[in-house]
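Note: the block below is start_20.pdb and it holds PDB, C-alpha atoms, pLDDT in the B column.
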```
MODEL        1
ATOM      1  CA  MET A 351     -13.048   8.370   6.076  1.00 84.00           C
ATOM      2  CA  HIS A 352     -10.051   6.238   5.083  1.00 88.00           C
ATOM      3  CA  HIS A 353      -7.359   5.248   7.569  1.00 91.00           C
ATOM      4  CA  THR A 354      -4.054   3.457   7.040  1.00 94.00           C
ATOM      5  CA  LEU A 355      -2.861   1.282   9.912  1.00 95.00           C
ATOM      6  CA  SER A 356       0.548  -0.321  10.255  1.00 96.00           C
ATOM      7  CA  VAL A 357       0.371  -3.287  12.616  1.00 97.00           C
ATOM      8  CA  LEU A 358       3.568  -4.966  13.808  1.00 97.00           C
ATOM      9  CA  VAL A 359       2.829  -8.565  14.829  1.00 97.00           C
ATOM     10  CA  GLU A 360       4.607 -11.699  15.934  1.00 97.00           C
ATOM     11  CA  ASN A 361       5.130 -13.960  12.942  1.00 94.00           C
ATOM     12  CA  SER A 362       2.867 -16.822  14.017  1.00 93.00           C
ATOM     13  CA  PRO A 363       0.065 -18.872  12.424  1.00 93.00           C
ATOM     14  CA  GLY A 364      -3.404 -17.333  12.565  1.00 94.00           C
ATOM     15  CA  VAL A 365      -2.403 -13.766  13.426  1.00 95.00           C
ATOM     16  CA  LEU A 366      -3.542 -12.384  10.054  1.00 95.00           C
ATOM     17  CA  ALA A 367      -6.921 -14.111  10.407  1.00 95.00           C
ATOM     18  CA  ARG A 368      -7.400 -12.645  13.897  1.00 95.00           C
ATOM     19  CA  VAL A 369      -6.500  -9.108  12.765  1.00 95.00           C
ATOM     20  CA  ALA A 370      -8.706  -9.257   9.654  1.00 93.00           C
ATOM     21  CA  GLY A 371     -11.510 -10.859  11.674  1.00 93.00           C
ATOM     22  CA  LEU A 372     -11.533  -7.911  14.061  1.00 93.00           C
ATOM     23  CA  PHE A 373     -12.394  -5.571  11.178  1.00 90.00           C
ATOM     24  CA  SER A 374     -14.927  -8.009   9.739  1.00 89.00           C
ATOM     25  CA  ARG A 375     -16.781  -8.348  13.052  1.00 89.00           C
ATOM     26  CA  ARG A 376     -17.079  -4.554  13.292  1.00 87.00           C
ATOM     27  CA  GLY A 377     -18.429  -4.362   9.723  1.00 87.00           C
ATOM     28  CA  PHE A 378     -15.508  -2.375   8.298  1.00 87.00           C
ATOM     29  CA  ASN A 379     -14.482  -2.893   4.703  1.00 88.00           C
ATOM     30  CA  ILE A 380     -10.762  -3.517   4.289  1.00 92.00           C
ATOM     31  CA  GLU A 381      -9.891  -1.607   1.127  1.00 92.00           C
ATOM     32  CA  SER A 382      -6.293  -2.821   1.033  1.00 93.00           C
ATOM     33  CA  LEU A 383      -4.352  -5.434   2.969  1.00 95.00           C
ATOM     34  CA  ALA A 384      -0.664  -6.246   2.654  1.00 95.00           C
ATOM     35  CA  VAL A 385       1.421  -8.422   4.923  1.00 95.00           C
ATOM     36  CA  GLY A 386       5.074  -9.316   4.795  1.00 94.00           C
ATOM     37  CA  PRO A 387       8.245  -9.953   6.748  1.00 94.00           C
ATOM     38  CA  THR A 388      10.202  -7.215   8.511  1.00 95.00           C
ATOM     39  CA  GLU A 389      13.858  -6.794   9.359  1.00 96.00           C
ATOM     40  CA  ARG A 390      13.355  -9.487  12.041  1.00 96.00           C
ATOM     41  CA  ASP A 391      12.405 -13.074  11.153  1.00 94.00           C
ATOM     42  CA  ASP A 392      10.035 -13.352  14.115  1.00 96.00           C
ATOM     43  CA  ARG A 393       7.906 -10.329  13.120  1.00 97.00           C
ATOM     44  CA  SER A 394       5.622  -9.332  10.251  1.00 97.00           C
ATOM     45  CA  ARG A 395       4.006  -6.037   9.330  1.00 97.00           C
ATOM     46  CA  ILE A 396       0.365  -5.836   8.290  1.00 96.00           C
ATOM     47  CA  THR A 397      -0.675  -2.673   6.461  1.00 96.00           C
ATOM     48  CA  LEU A 398      -4.438  -2.118   6.276  1.00 94.00           C
ATOM     49  CA  ARG A 399      -6.456   0.597   4.569  1.00 93.00           C
ATOM     50  CA  VAL A 400      -9.971   0.771   6.036  1.00 92.00           C
ATOM     51  CA  ASP A 401     -13.006   2.995   5.678  1.00 86.00           C
ATOM     52  CA  CYS A 402     -14.398   4.032   9.074  1.00 82.00           C
ATOM     53  CA  SER A 403     -14.893   7.060  11.322  1.00 74.00           C
ATOM     54  CA  GLN A 404     -12.158   8.572  13.508  1.00 69.00           C
ATOM     55  CA  HIS A 405     -13.991   7.445  16.663  1.00 70.00           C
ATOM     56  CA  SER A 406     -14.288   3.889  15.363  1.00 85.00           C
ATOM     57  CA  ILE A 407     -10.622   3.646  14.375  1.00 88.00           C
ATOM     58  CA  GLY A 408      -9.638   4.541  17.937  1.00 89.00           C
ATOM     59  CA  GLN A 409     -11.741   1.661  19.240  1.00 89.00           C
ATOM     60  CA  VAL A 410     -10.261  -0.719  16.669  1.00 91.00           C
ATOM     61  CA  VAL A 411      -6.709   0.246  17.683  1.00 92.00           C
ATOM     62  CA  LYS A 412      -7.543  -0.493  21.332  1.00 93.00           C
ATOM     63  CA  GLN A 413      -8.984  -3.864  20.339  1.00 93.00           C
ATOM     64  CA  LEU A 414      -5.963  -4.667  18.155  1.00 95.00           C
ATOM     65  CA  TYR A 415      -3.696  -4.208  21.169  1.00 95.00           C
ATOM     66  CA  LYS A 416      -5.783  -6.812  23.019  1.00 94.00           C
ATOM     67  CA  LEU A 417      -4.834  -9.458  20.452  1.00 94.00           C
ATOM     68  CA  ILE A 418      -1.990 -11.584  21.814  1.00 91.00           C
ATOM     69  CA  ASN A 419       0.366 -11.373  18.819  1.00 95.00           C
ATOM     70  CA  VAL A 420       0.001  -7.614  18.155  1.00 97.00           C
ATOM     71  CA  LEU A 421       3.129  -5.702  19.200  1.00 97.00           C
ATOM     72  CA  LYS A 422       2.541  -2.174  17.877  1.00 97.00           C
ATOM     73  CA  VAL A 423      -0.144  -0.275  15.959  1.00 96.00           C
ATOM     74  CA  ASN A 424       0.426   3.023  14.140  1.00 94.00           C
ATOM     75  CA  GLU A 425      -2.135   5.080  12.266  1.00 93.00           C
ATOM     76  CA  LEU A 426      -0.350   6.635   9.307  1.00 93.00           C
ATOM     77  CA  THR A 427      -1.378   9.803   7.501  1.00 90.00           C
ATOM     78  CA  ALA A 428      -0.350  10.949   4.042  1.00 87.00           C
ATOM     79  CA  ASP A 429       1.775  13.690   5.619  1.00 90.00           C
ATOM     80  CA  ASP A 430       3.793  11.468   7.931  1.00 91.00           C
ATOM     81  CA  ALA A 431       4.254   8.288   5.850  1.00 93.00           C
ATOM     82  CA  ILE A 432       5.643   6.964   2.607  1.00 94.00           C
ATOM     83  CA  GLU A 433       2.993   4.829   0.893  1.00 94.00           C
ATOM     84  CA  ARG A 434       3.552   2.621  -2.133  1.00 96.00           C
ATOM     85  CA  GLU A 435       1.736  -0.048  -4.095  1.00 96.00           C
ATOM     86  CA  LEU A 436       2.740  -2.277  -7.001  1.00 97.00           C
ATOM     87  CA  MET A 437       0.505  -2.576 -10.067  1.00 98.00           C
ATOM     88  CA  ILE A 438       0.996  -4.947 -12.983  1.00 98.00           C
ATOM     89  CA  VAL A 439      -1.251  -4.238 -15.961  1.00 98.00           C
ATOM     90  CA  ARG A 440      -1.637  -5.804 -19.414  1.00 98.00           C
ATOM     91  CA  VAL A 441      -2.993  -3.380 -21.989  1.00 98.00           C
ATOM     92  CA  THR A 442      -3.981  -3.868 -25.608  1.00 97.00           C
ATOM     93  CA  ALA A 443      -1.169  -2.483 -27.743  1.00 96.00           C
ATOM     94  CA  GLN A 444      -1.328  -2.516 -31.478  1.00 91.00           C
ATOM     95  CA  PRO A 445       2.072  -1.820 -33.073  1.00 91.00           C
ATOM     96  CA  ALA A 446       1.028   1.749 -33.974  1.00 92.00           C
ATOM     97  CA  ASP A 447       0.147   2.525 -30.320  1.00 93.00           C
ATOM     98  CA  ARG A 448       3.185   1.013 -28.599  1.00 96.00           C
ATOM     99  CA  ALA A 449       5.450   4.052 -28.694  1.00 96.00           C
ATOM    100  CA  ASP A 450       2.706   6.246 -27.200  1.00 95.00           C
ATOM    101  CA  LEU A 451       1.975   3.688 -24.495  1.00 97.00           C
ATOM    102  CA  ILE A 452       5.644   3.351 -23.575  1.00 97.00           C
ATOM    103  CA  ARG A 453       5.965   7.150 -23.288  1.00 97.00           C
ATOM    104  CA  LEU A 454       2.853   7.242 -21.063  1.00 96.00           C
ATOM    105  CA  GLY A 455       4.357   4.528 -18.912  1.00 97.00           C
ATOM    106  CA  GLU A 456       7.575   6.511 -18.520  1.00 97.00           C
ATOM    107  CA  VAL A 457       5.615   9.544 -17.306  1.00 97.00           C
ATOM    108  CA  PHE A 458       4.177   7.399 -14.506  1.00 97.00           C
ATOM    109  CA  GLY A 459       7.424   5.589 -13.709  1.00 97.00           C
ATOM    110  CA  ALA A 460       6.157   2.333 -15.196  1.00 98.00           C
ATOM    111  CA  ARG A 461       8.431  -0.194 -16.853  1.00 97.00           C
ATOM    112  CA  VAL A 462       7.507  -2.550 -19.690  1.00 97.00           C
ATOM    113  CA  CYS A 463       7.970  -6.054 -18.294  1.00 97.00           C
ATOM    114  CA  ASP A 464       6.445  -8.141 -21.117  1.00 97.00           C
ATOM    115  CA  VAL A 465       5.680  -7.663 -24.801  1.00 96.00           C
ATOM    116  CA  GLY A 466       3.098  -9.813 -26.556  1.00 95.00           C
ATOM    117  CA  PRO A 467       1.831  -9.816 -30.145  1.00 94.00           C
ATOM    118  CA  THR A 468      -1.124  -7.568 -29.250  1.00 95.00           C
ATOM    119  CA  SER A 469      -0.295  -6.329 -25.765  1.00 97.00           C
ATOM    120  CA  LEU A 470       2.201  -4.691 -23.430  1.00 97.00           C
ATOM    121  CA  MET A 471       2.559  -5.449 -19.746  1.00 98.00           C
ATOM    122  CA  PHE A 472       3.689  -2.699 -17.366  1.00 98.00           C
ATOM    123  CA  GLU A 473       4.838  -2.830 -13.781  1.00 98.00           C
ATOM    124  CA  CYS A 474       4.629   0.324 -11.721  1.00 98.00           C
ATOM    125  CA  LEU A 475       5.593   0.926  -8.100  1.00 97.00           C
ATOM    126  CA  GLU A 476       4.093   4.225  -6.957  1.00 97.00           C
ATOM    127  CA  HIS A 477       1.748   5.999  -4.587  1.00 95.00           C
ATOM    128  CA  PRO A 478      -1.752   4.463  -4.931  1.00 94.00           C
ATOM    129  CA  ASP A 479      -3.247   7.727  -6.243  1.00 94.00           C
ATOM    130  CA  LYS A 480      -0.690   7.845  -9.062  1.00 97.00           C
ATOM    131  CA  LEU A 481      -1.422   4.203  -9.931  1.00 97.00           C
ATOM    132  CA  HIS A 482      -5.119   5.027 -10.172  1.00 97.00           C
ATOM    133  CA  ALA A 483      -4.332   7.904 -12.543  1.00 97.00           C
ATOM    134  CA  PHE A 484      -2.156   5.617 -14.704  1.00 98.00           C
ATOM    135  CA  GLU A 485      -4.940   3.031 -14.810  1.00 97.00           C
ATOM    136  CA  GLU A 486      -7.461   5.659 -15.932  1.00 97.00           C
ATOM    137  CA  ILE A 487      -5.177   6.835 -18.748  1.00 97.00           C
ATOM    138  CA  LEU A 488      -4.727   3.249 -19.967  1.00 97.00           C
ATOM    139  CA  LYS A 489      -8.463   2.426 -20.077  1.00 97.00           C
ATOM    140  CA  PRO A 490      -9.095   3.874 -23.574  1.00 96.00           C
ATOM    141  CA  TYR A 491      -6.401   1.548 -24.964  1.00 95.00           C
ATOM    142  CA  GLY A 492      -8.083  -1.498 -23.414  1.00 96.00           C
ATOM    143  CA  VAL A 493      -6.946  -2.914 -20.086  1.00 97.00           C
ATOM    144  CA  LYS A 494      -6.899  -6.713 -20.445  1.00 98.00           C
ATOM    145  CA  GLU A 495      -5.703  -7.665 -16.953  1.00 98.00           C
ATOM    146  CA  LEU A 496      -4.720  -5.735 -13.859  1.00 98.00           C
ATOM    147  CA  VAL A 497      -3.520  -6.615 -10.369  1.00 97.00           C
ATOM    148  CA  ARG A 498      -2.431  -4.420  -7.455  1.00 96.00           C
ATOM    149  CA  THR A 499      -0.617  -5.585  -4.357  1.00 94.00           C
ATOM    150  CA  GLY A 500      -2.240  -3.407  -1.735  1.00 92.00           C
ATOM    151  CA  ARG A 501      -0.742  -0.464   0.072  1.00 93.00           C
ATOM    152  CA  VAL A 502       2.406  -0.708   2.163  1.00 95.00           C
ATOM    153  CA  ALA A 503       3.605   2.200   4.263  1.00 94.00           C
ATOM    154  CA  LEU A 504       6.204   3.277   6.802  1.00 93.00           C
ATOM    155  CA  ARG A 505       6.332   6.401   8.914  1.00 92.00           C
ATOM    156  CA  LYS A 506       8.754   9.042   7.648  1.00 92.00           C
ATOM    157  CA  SER A 507      11.794  10.010   9.675  1.00 89.00           C
ATOM    158  CA  THR A 508      10.973  13.162  11.620  1.00 73.00           C
ATOM    159  CA  PRO A 509      13.520  15.877  12.332  1.00 59.00           C
ATOM    160  CA  GLU A 510      13.883  16.963  15.947  1.00 54.00           C
ATOM    161  CA  ARG A 511      15.791  19.965  17.234  1.00 47.00           C
ATOM    162  CA  THR A 512      18.491  19.344  19.823  1.00 51.00           C
ATOM    163  CA  ARG A 513      19.263  21.810  22.639  1.00 55.00           C
ATOM    164  CA  SER A 514      21.893  23.444  20.431  1.00 55.00           C
ATOM    165  CA  GLY A 515      19.247  24.036  17.727  1.00 55.00           C
ATOM    166  CA  ARG A 516      20.688  21.437  15.339  1.00 57.00           C
ATOM    167  CA  MET A 517      18.403  19.054  13.516  1.00 51.00           C
ATOM    168  CA  ARG A 518      18.511  15.400  14.464  1.00 52.00           C
ATOM    169  CA  VAL A 519      16.631  12.746  12.479  1.00 50.00           C
ATOM    170  CA  LEU A 520      14.605  10.203  14.410  1.00 52.00           C
ATOM    171  CA  ALA A 521      13.641   6.987  12.697  1.00 49.00           C
TER
ENDMDL
END
```
Now that the file is in, can you turn its structure into structure tokens?
Amino acid sequence: MHHTLSVLVENSPGVLARVAGLFSRRGFNIESLAVGPTERDDRSRITLRVDCSQHSIGQVVKQLYKLINVLKVNELTADDAIERELMIVRVTAQPADRADLIRLGEVFGARVCDVGPTSLMFECLEHPDKLHAFEEILKPYGVKELVRTGRVALRKSTPERTRSGRMRVLA
């Protein structure tokens, strides 16, 4: 079972190694790992996608909170989060195929970012499942190079009813 965790940490040396090491010691494969700054200079957010059981993820969350630099851990589900990933892909593109490839890219929200004599390079920022579908459609043309950033995610704003029955958005 796959789980997405958003871990807010103090921005200090070694914190990424300690977080990743926790998963390694437990024998969990990290499918995706992304880390970057937040709205505050002294904090970073680590987004991990791991394959483990529900019981195990609960134990991992408890152990994450024991790490000194970990401030907050959220498990995110597809229903309550916005998830995105960036993919850059170079595909073989003979002149006769370029128009078709560009139209395919548009369907998936991809943008041509480089044109070579025998290739096109696309960049696409989308949900990871949609990126996988785009990659599969490009394979018959010949994928030369491909890189993906890893999943990043934030919890959606959730509406809450006030006493008067009005909706209020919580961030």
When the PyMOL selection byres ((chain A and resi 361) around 7) is applied to the structure above, which residues does it catch, written out as a PyMOL selection string?
chain A and resi 359-360+362+392-394
Within 9 Å of Asp430 of chain A using only C-alpha atoms, minus same-chain residues under 6 positions, as a tab-separated table (two decimals) with C-alpha atoms, in the coordinates of the input:
```
chain	number	residue	atom	x	y	z
A	504	LEU	CA	6.20	3.28	6.80
A	505	ARG	CA	6.33	6.40	8.91
A	506	LYS	CA	8.75	9.04	7.65
A	507	SER	CA	11.79	10.01	9.68
A	508	THR	CA	10.97	13.16	11.62
```
Within 12 Å of (3.3, -6.0, 20.1), in the coordinates the file gives, what residues turn up when you count all atoms listed in the file, written out as a list in words?
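So the residues meeting the distance criterion are Ser356, Val357, Leu358, Val359, Glu360, Asn361, Val365, Asp392, Arg393, Ser394, Arg395, Leu414, Tyr415, Lys416, Leu417, Ile418, Asn419, Val420, Leu421, Lys422, Val423 and Asn424 of chain A.
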Write a file of the just-selected residues containing C-alpha atoms, as a compact mmCIF listing (two decimals), in the coordinates of the input.
```txt
# COMPACT_ATOMS: atom_id res chain seq x y z
CA SER A 356 0.55 -0.32 10.26
CA VAL A 357 0.37 -3.29 12.62
CA LEU A 358 3.57 -4.97 13.81
CA VAL A 359 2.83 -8.56 14.83
CA GLU A 360 4.61 -11.70 15.93
CA ASN A 361 5.13 -13.96 12.94
CA VAL A 365 -2.40 -13.77 13.43
CA ASP A 392 10.04 -13.35 14.12
CA ARG A 393 7.91 -10.33 13.12
CA SER A 394 5.62 -9.33 10.25
CA ARG A 395 4.01 -6.04 9.33
CA LEU A 414 -5.96 -4.67 18.16
CA TYR A 415 -3.70 -4.21 21.17
CA LYS A 416 -5.78 -6.81 23.02
CA LEU A 417 -4.83 -9.46 20.45
CA ILE A 418 -1.99 -11.58 21.81
CA ASN A 419 0.37 -11.37 18.82
CA VAL A 420 0.00 -7.61 18.16
CA LEU A 421 3.13 -5.70 19.20
CA LYS A 422 2.54 -2.17 17.88
CA VAL A 423 -0.14 -0.28 15.96
CA ASN A 424 0.43 3.02 14.14
```
The PyMOL selection byres ((chain A and resi 482) around 12) resolved against shown file, as a ChimeraX atom specification:
/A:435-437,439,458,474-481,483-489,496-498
To one decimal in Å, tell me the separation between atom CA of Arg376 of chain A and atom CA of Val400 of chain A.
11.5 Å
Ground truth for the PyMOL selection byres ((chain A and resi 425) around 6), written as a ChimeraX atom specification:
/A:354-355,424,426
So that all listed atoms of segment 449-461 of chain A fit with 4 Å spare on each side, what axis-aligned box centre and edge lengths in Å, to one decimal, would you give as AutoDock Vina command-line options?
```
--center_x 5.2 --center_y 4.7 --center_z -21.2 --size_x 14.5 --size_y 17.7 --size_z 23.0
```
Calculate how many Å separate atom CA of Phe378 of chain A from atom CA of Ala428 of chain A, rounding to one decimal.
20.6 Å
Excluding segment 370-372 of chain A and residues on its chain fewer than 3 positions from it, collect all residues at most 8 Å away from it, counting all atoms listed in the file, and give them as a list of chain:residue names.
A:Leu366, A:Ala367, A:Arg375, A:Arg376, A:Val410, A:Gln413, A:Leu414
Figure out the distance between atom CA of Ser374 of chain A and atom CA of His405 of chain A, please, to one decimal in Å.
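Atom CA of His405 of chain A sits 17.0 Å away from atom CA of Ser374 of chain A.
The neighbours of Ala446 of chain A here are the residues that come within 12 Å of it, using all atoms listed in the file and leaving out any residue fewer than 5 positions away in the same chain; they are Leu451, Ile452, Thr468, Ser469 and Tyr491 of chain A.
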Identify, on the basis of all atoms listed in the file, every residue whose closest approach to Ile380 of chain A does not exceed 8 Å; exclude the query and any residue fewer than 4 positions from it along the same chain; express the result as number ranges by chain.
A: 373, 398-401
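Considering all atoms listed in the file, the residue among A:Gly455, A:Gly500, A:Gly408, A:Gly492 positioned nearest to Ala443 of chain A is A:Gly492.
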May I ask which of the residues A:Ile432, A:Met351, A:Leu454, A:Ile396 is the closest one to Val369 of chain A, counting only C-alpha atoms?
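Between A:Ile432, A:Met351, A:Leu454, A:Ile396, the residue approaching Val369 of chain A most closely is A:Ile396.
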